[in-house]
Amino acid sequence: MESAVKSIAVLTSGGDAPGMNAAIRAVVRTALSKNIKVKGILRGFAGLLEEEFVELDSKSVSDIIQRGGTILYTARCPEFVKSEVQDQGAEIFKKHGIDGLVVIGGDGSFKGAAAMAKRGVNTVAIPGTIDLDIACTEYSIGFDSAVNTAMETIDKVRDTSTSHERCSIIEVMGRNAGYIALWCGIANGSEEILIPERDHNEERIIKTIIEKRNSGKKHYIIVNAEGIGNSEEMAKRIEEATGMQTRATIIGHAQRGGSPTTIDRVYASIMGAKAVDLLSQGASNRIVAYEKGEFIDYDIEEALAMKKDIDQYMYELSKKLAR
């Protein structure tokens with residue numbers, strides 16, 4: 001069947017995430033298999049406004065599936081929220097003869113995708129964020145790699161924390177979402193998990209540290225989400241209150257880098273291919289999602305209106321396992 005689009009573009013926007021290259025590769029090669037031409041846009045929507053287009057073929061996406069980051073680079077573009085700037089973007093697509101667009105990024109990027117769809121550019125978005133904060137999907141590109149990077153780092157900090165009989169506060173990324181912290185807290189066997197979706201009581205934590213130290217416990221691990229933050233100040237307060245040497249470790253942007261895991265390579269590849277399949281069928285204003293073991297798609301506005309919360313069972317389990 002003849003494709004509904006003849007020429008598409010792909011861009012990555014917002015924060016980078018391991019697995020984005022796998023998605024780009026799948027977009028390009030799936031499109032080429034359908035005789036659809038592909039261009040890459042460098043630096044996201046900011047690059048669109050500067051008309052930073054590059055031709056993409058099968059060779060140009062060779063040997064990238066194992067690489068972290070994004071070969072198309074990425075940037076934030078605050079001015080793209082303006083209607084007149086969005087009009088400019090749509091005109092640029094028309095000028096270059098592009099009738100389809102794949103946007104890989106987070107919720108901010110999805111708003112730009114929806115704006116292009118409203119202006120006649122067939123658009124499909126793919127969730128690419130380590131934060132796992134997109135409500136319509138149980139998976140987003142980069143989360144698995146990021147949480148594994150954080151887990152390995154926390155294991156190493158635990159080793160030195162044990163040797164020095166310390167309390168360690170380890171801050172992980174996630175913006176205003178606590179998914180990386182919750183997963184790492186369970187995977188690393190931490191004594192405390194602090195996430196923005198749930199209240200925490202520092203006085204209770206201090207009391208627990210003192211009680212456990214008096215009962216013979218030599219070290220204490222607290223996984224702290226970026227949305228809580230202030231790890232350095234918290235460490236000082238805990239040390240002063242407990243007398244236990246306390247150190248803060250902020251893992252930071254290491255979680256965004258590195259070679260993607262198997263899950264991020266495979267799932268990102270499927271999502272990239274799915275996006276092109278949807279475009280070739282004439283679909284627009286859609287987000288590719290993963291739900292209950294299947295890759296599906298949602299209307300972008302419907303997806304953006306959804307709310308997401310931490311799994312309460314996982315959160316309660318983390319408390320039981322920390323006893």
# chains A, B, ... in the order shown; residues from 1 in each chain; ligands from 1
>>> residues_around(residues="Thr70 in chain A", least_positions_apart="4", cutoff="12 Å", atoms="only C-alpha atoms", output="VMD selection string")
chain A and resid 10 to 25 40 to 44 61 64 to 66 74 to 75 104 to 105 128 141 to 142 256 to 260
>>> residues_around(residues="range 230-237 of chain A", least_positions_apart="2", cutoff="10 Å", atoms="only C-alpha atoms", output="MDAnalysis selection string")
chainID A and resid 167:171 202 206 222:228 239:250
>>> select_by_dssp(residues="range 85-297 of chain A", states="strand (DSSP E or B)", output="ChimeraX atom specification")
/A:100-105,122-128,141,167-172,192-194,220-225,246-250,286-291,294-297
>>> write_last_selection(atoms="C-alpha atoms", output="JSON list (two decimals), in the first residue's frame")
[["chain", "number", "residue", "atom", "x", "y", "z"],
["A", 100, "GLY", "CA", 5.70, 13.87, 8.39],
["A", 101, "LEU", "CA", 7.55, 14.33, 11.68],
["A", 102, "VAL", "CA", 8.78, 12.03, 14.47],
["A", 103, "VAL", "CA", 9.52, 13.80, 17.76],
["A", 104, "ILE", "CA", 11.51, 11.93, 20.42],
["A", 105, "GLY", "CA", 11.40, 13.60, 23.83],
["A", 122, "ASN", "CA", 1.57, 14.58, 10.26],
["A", 123, "THR", "CA", 3.29, 14.07, 13.60],
["A", 124, "VAL", "CA", 3.99, 11.11, 15.90],
["A", 125, "ALA", "CA", 5.81, 11.44, 19.22],
["A", 126, "ILE", "CA", 7.94, 8.88, 21.07],
["A", 127, "PRO", "CA", 8.50, 9.13, 24.85],
["A", 128, "GLY", "CA", 12.22, 9.66, 25.40],
["A", 141, "ILE", "CA", 13.35, 5.54, 26.36],
["A", 167, "CYS", "CA", 25.28, 7.39, 56.47],
["A", 168, "SER", "CA", 25.21, 8.12, 52.73],
["A", 169, "ILE", "CA", 22.59, 10.25, 50.98],
["A", 170, "ILE", "CA", 22.66, 9.50, 47.27],
["A", 171, "GLU", "CA", 20.74, 11.87, 45.01],
["A", 172, "VAL", "CA", 19.44, 10.52, 41.71],
["A", 192, "GLU", "CA", 15.16, 5.25, 53.12],
["A", 193, "ILE", "CA", 13.70, 6.48, 49.82],
["A", 194, "LEU", "CA", 12.74, 10.14, 49.49],
["A", 220, "TYR", "CA", 22.77, 3.72, 56.44],
["A", 221, "ILE", "CA", 21.75, 4.43, 52.81],
["A", 222, "ILE", "CA", 19.24, 7.11, 51.81],
["A", 223, "VAL", "CA", 18.24, 7.40, 48.15],
["A", 224, "ASN", "CA", 17.05, 10.94, 47.53],
["A", 225, "ALA", "CA", 15.15, 12.06, 44.42],
["A", 246, "THR", "CA", 27.11, 11.56, 56.77],
["A", 247, "ARG", "CA", 28.05, 12.26, 53.17],
["A", 248, "ALA", "CA", 26.01, 13.32, 50.15],
["A", 249, "THR", "CA", 26.68, 11.95, 46.67],
["A", 250, "ILE", "CA", 24.90, 13.53, 43.70],
["A", 286, "ARG", "CA", -0.22, 10.44, 18.14],
["A", 287, "ILE", "CA", 2.14, 9.26, 20.90],
["A", 288, "VAL", "CA", 3.60, 5.77, 20.84],
["A", 289, "ALA", "CA", 3.19, 4.13, 24.26],
["A", 290, "TYR", "CA", 3.88, 0.84, 26.03],
["A", 291, "GLU", "CA", 1.10, -0.56, 28.17],
["A", 294, "GLU", "CA", 1.90, -4.00, 24.10],
["A", 295, "PHE", "CA", 3.01, -1.03, 22.02],
["A", 296, "ILE", "CA", -0.02, 1.16, 21.39],
["A", 297, "ASP", "CA", -0.70, 4.81, 20.58]]
>>> closest_residue(among="A:Ser190, A:Ser3, A:Ser163, A:Gln86", to="Ala115 in chain A", atoms="only C-alpha atoms")
A:Gln86
>>> residues_around(residues="Ala31 in chain A", least_positions_apart="5", cutoff="9 Å", atoms="only C-alpha atoms", output="PyMOL selection string")
chain A and resi 7-8+26+36-38+273+276-277+280
>>> residues_around(residues="Trp183 in chain A", least_positions_apart="2", cutoff="12 Å", atoms="only C-alpha atoms", output="PyMOL selection string")
chain A and resi 131-132+143-144+146-151+154+172-174+177-181+185-190+193-195+223-225+310-311+314-315+317-318
>>> write_last_selection(atoms="C-alpha atoms", output="short mmCIF file (atom, residue, chain, number, x, y, z; two decimals), in the first residue's frame")
data_model
loop_
_atom_site.label_atom_id
_atom_site.label_comp_id
_atom_site.auth_asym_id
_atom_site.auth_seq_id
_atom_site.Cartn_x
_atom_site.Cartn_y
_atom_site.Cartn_z
CA ASP A 131 12.32 10.38 34.28
CA LEU A 132 9.54 7.89 33.32
CA PHE A 143 14.75 4.96 32.03
CA ASP A 144 16.11 1.43 32.18
CA ALA A 146 19.53 5.46 33.77
CA VAL A 147 18.23 3.38 36.65
CA ASN A 148 20.90 0.74 36.04
CA THR A 149 23.63 3.40 35.98
CA ALA A 150 22.33 4.81 39.26
CA MET A 151 22.00 1.35 40.80
CA ILE A 154 24.80 3.29 44.67
CA VAL A 172 19.44 10.52 41.71
CA MET A 173 17.83 12.34 38.78
CA GLY A 174 14.18 12.36 37.78
CA ALA A 177 9.31 12.39 39.48
CA GLY A 178 10.57 9.77 41.93
CA TYR A 179 10.68 6.68 39.71
CA ILE A 180 14.48 6.38 39.50
CA ALA A 181 14.72 6.86 43.27
CA GLY A 185 15.85 2.24 46.57
CA ILE A 186 14.36 -1.23 46.15
CA ALA A 187 17.15 -2.57 43.92
CA ASN A 188 19.91 -1.28 46.21
CA GLY A 189 18.25 -2.22 49.47
CA SER A 190 18.34 1.33 50.82
CA ILE A 193 13.70 6.48 49.82
CA LEU A 194 12.74 10.14 49.49
CA ILE A 195 10.49 11.01 46.54
CA VAL A 223 18.24 7.40 48.15
CA ASN A 224 17.05 10.94 47.53
CA ALA A 225 15.15 12.06 44.42
CA ILE A 310 3.96 6.35 41.96
CA ASP A 311 2.84 2.72 42.30
CA MET A 314 5.96 -0.61 45.21
CA TYR A 315 6.24 2.29 47.64
CA LEU A 317 6.99 -2.68 49.61
CA SER A 318 10.09 -0.49 49.74
#
>>> closest_residue(among="A:Lys319, A:Lys6, A:Lys307, A:Arg67", to="Asp107 in chain A", atoms="only C-alpha atoms")
A:Lys307
>>> residues_around(residues="Leu304 in chain A", least_positions_apart="2", cutoff="9 Å", atoms="only C-alpha atoms", output="list in words")
Asp107, Phe110, Lys111, Ile134, Ala135, Cys136, Asp299, Ile300, Glu301, Glu302, Met306 and Lys307 of chain A
>>> write_last_selection(atoms="N, CA and C atoms", output="PDB file, in the first residue's frame")
ATOM      1  N   ASP A 107       7.393  15.545  27.791  1.00  0.00           N
ATOM      2  CA  ASP A 107       6.093  16.206  27.658  1.00  0.00           C
ATOM      3  C   ASP A 107       6.182  17.579  27.001  1.00  0.00           C
ATOM      4  N   PHE A 110       6.296  17.029  23.381  1.00  0.00           N
ATOM      5  CA  PHE A 110       5.004  16.587  22.860  1.00  0.00           C
ATOM      6  C   PHE A 110       4.096  17.771  22.536  1.00  0.00           C
ATOM      7  N   LYS A 111       4.220  18.840  23.314  1.00  0.00           N
ATOM      8  CA  LYS A 111       3.419  20.036  23.034  1.00  0.00           C
ATOM      9  C   LYS A 111       3.821  20.643  21.694  1.00  0.00           C
ATOM     10  N   ILE A 134       5.949  10.221  31.857  1.00  0.00           N
ATOM     11  CA  ILE A 134       4.893  10.353  30.859  1.00  0.00           C
ATOM     12  C   ILE A 134       3.742   9.434  31.256  1.00  0.00           C
ATOM     13  N   ALA A 135       2.579  10.023  31.524  1.00  0.00           N
ATOM     14  CA  ALA A 135       1.482   9.279  32.157  1.00  0.00           C
ATOM     15  C   ALA A 135       0.904   8.173  31.282  1.00  0.00           C
ATOM     16  N   CYS A 136       0.961   8.318  29.968  1.00  0.00           N
ATOM     17  CA  CYS A 136       0.277   7.364  29.092  1.00  0.00           C
ATOM     18  C   CYS A 136       1.072   6.089  28.852  1.00  0.00           C
ATOM     19  N   ASP A 299      -3.786   9.712  21.363  1.00  0.00           N
ATOM     20  CA  ASP A 299      -3.867  11.093  20.927  1.00  0.00           C
ATOM     21  C   ASP A 299      -2.981  11.931  21.854  1.00  0.00           C
ATOM     22  N   ILE A 300      -2.222  12.865  21.308  1.00  0.00           N
ATOM     23  CA  ILE A 300      -1.272  13.635  22.125  1.00  0.00           C
ATOM     24  C   ILE A 300      -1.986  14.427  23.217  1.00  0.00           C
ATOM     25  N   GLU A 301      -3.076  15.129  22.884  1.00  0.00           N
ATOM     26  CA  GLU A 301      -3.784  15.920  23.893  1.00  0.00           C
ATOM     27  C   GLU A 301      -4.337  15.017  25.001  1.00  0.00           C
ATOM     28  N   GLU A 302      -4.854  13.861  24.606  1.00  0.00           N
ATOM     29  CA  GLU A 302      -5.362  12.911  25.599  1.00  0.00           C
ATOM     30  C   GLU A 302      -4.243  12.463  26.526  1.00  0.00           C
ATOM     31  N   MET A 306      -3.385  13.211  30.943  1.00  0.00           N
ATOM     32  CA  MET A 306      -3.336  12.123  31.926  1.00  0.00           C
ATOM     33  C   MET A 306      -2.443  12.486  33.107  1.00  0.00           C
ATOM     34  N   LYS A 307      -2.764  11.939  34.270  1.00  0.00           N
ATOM     35  CA  LYS A 307      -1.970  12.128  35.477  1.00  0.00           C
ATOM     36  C   LYS A 307      -1.312  10.806  35.865  1.00  0.00           C
TER      37      LYS A 307
END
>>> select_by_dssp(residues="range 171-220 of chain A", states="alpha helix (DSSP H)", output="list of chain:residue names")
A:Tyr179, A:Ile180, A:Ala181, A:Leu182, A:Trp183, A:Cys184, A:Gly185, A:Ile186, A:Ala187, A:Glu202, A:Glu203, A:Arg204, A:Ile205, A:Ile206, A:Lys207, A:Thr208, A:Ile209, A:Ile210, A:Glu211, A:Lys212, A:Arg213, A:Asn214
>>> residues_around(residues="Val121 in chain A", least_positions_apart="4", cutoff="10 Å", atoms="only C-alpha atoms", output="list in words")
Val5, Ile8, Gly89, Ala90, Glu91, Phe93, Lys94, Ile98, Asp99, Gly100, Leu101, Ala113, Ala114, Ala115, Met116, Ala117, Ser284 and Asn285 of chain A
>>> closest_residue(among="A:Ile205, A:Val54, A:Val81, A:Ile210", to="Ala9 in chain A", atoms="only C-alpha atoms")
A:Val54
>>> atom_distance(atom1="CA of Lys308 in chain A", atom2="CA of Leu182 in chain A")
14.5 Å
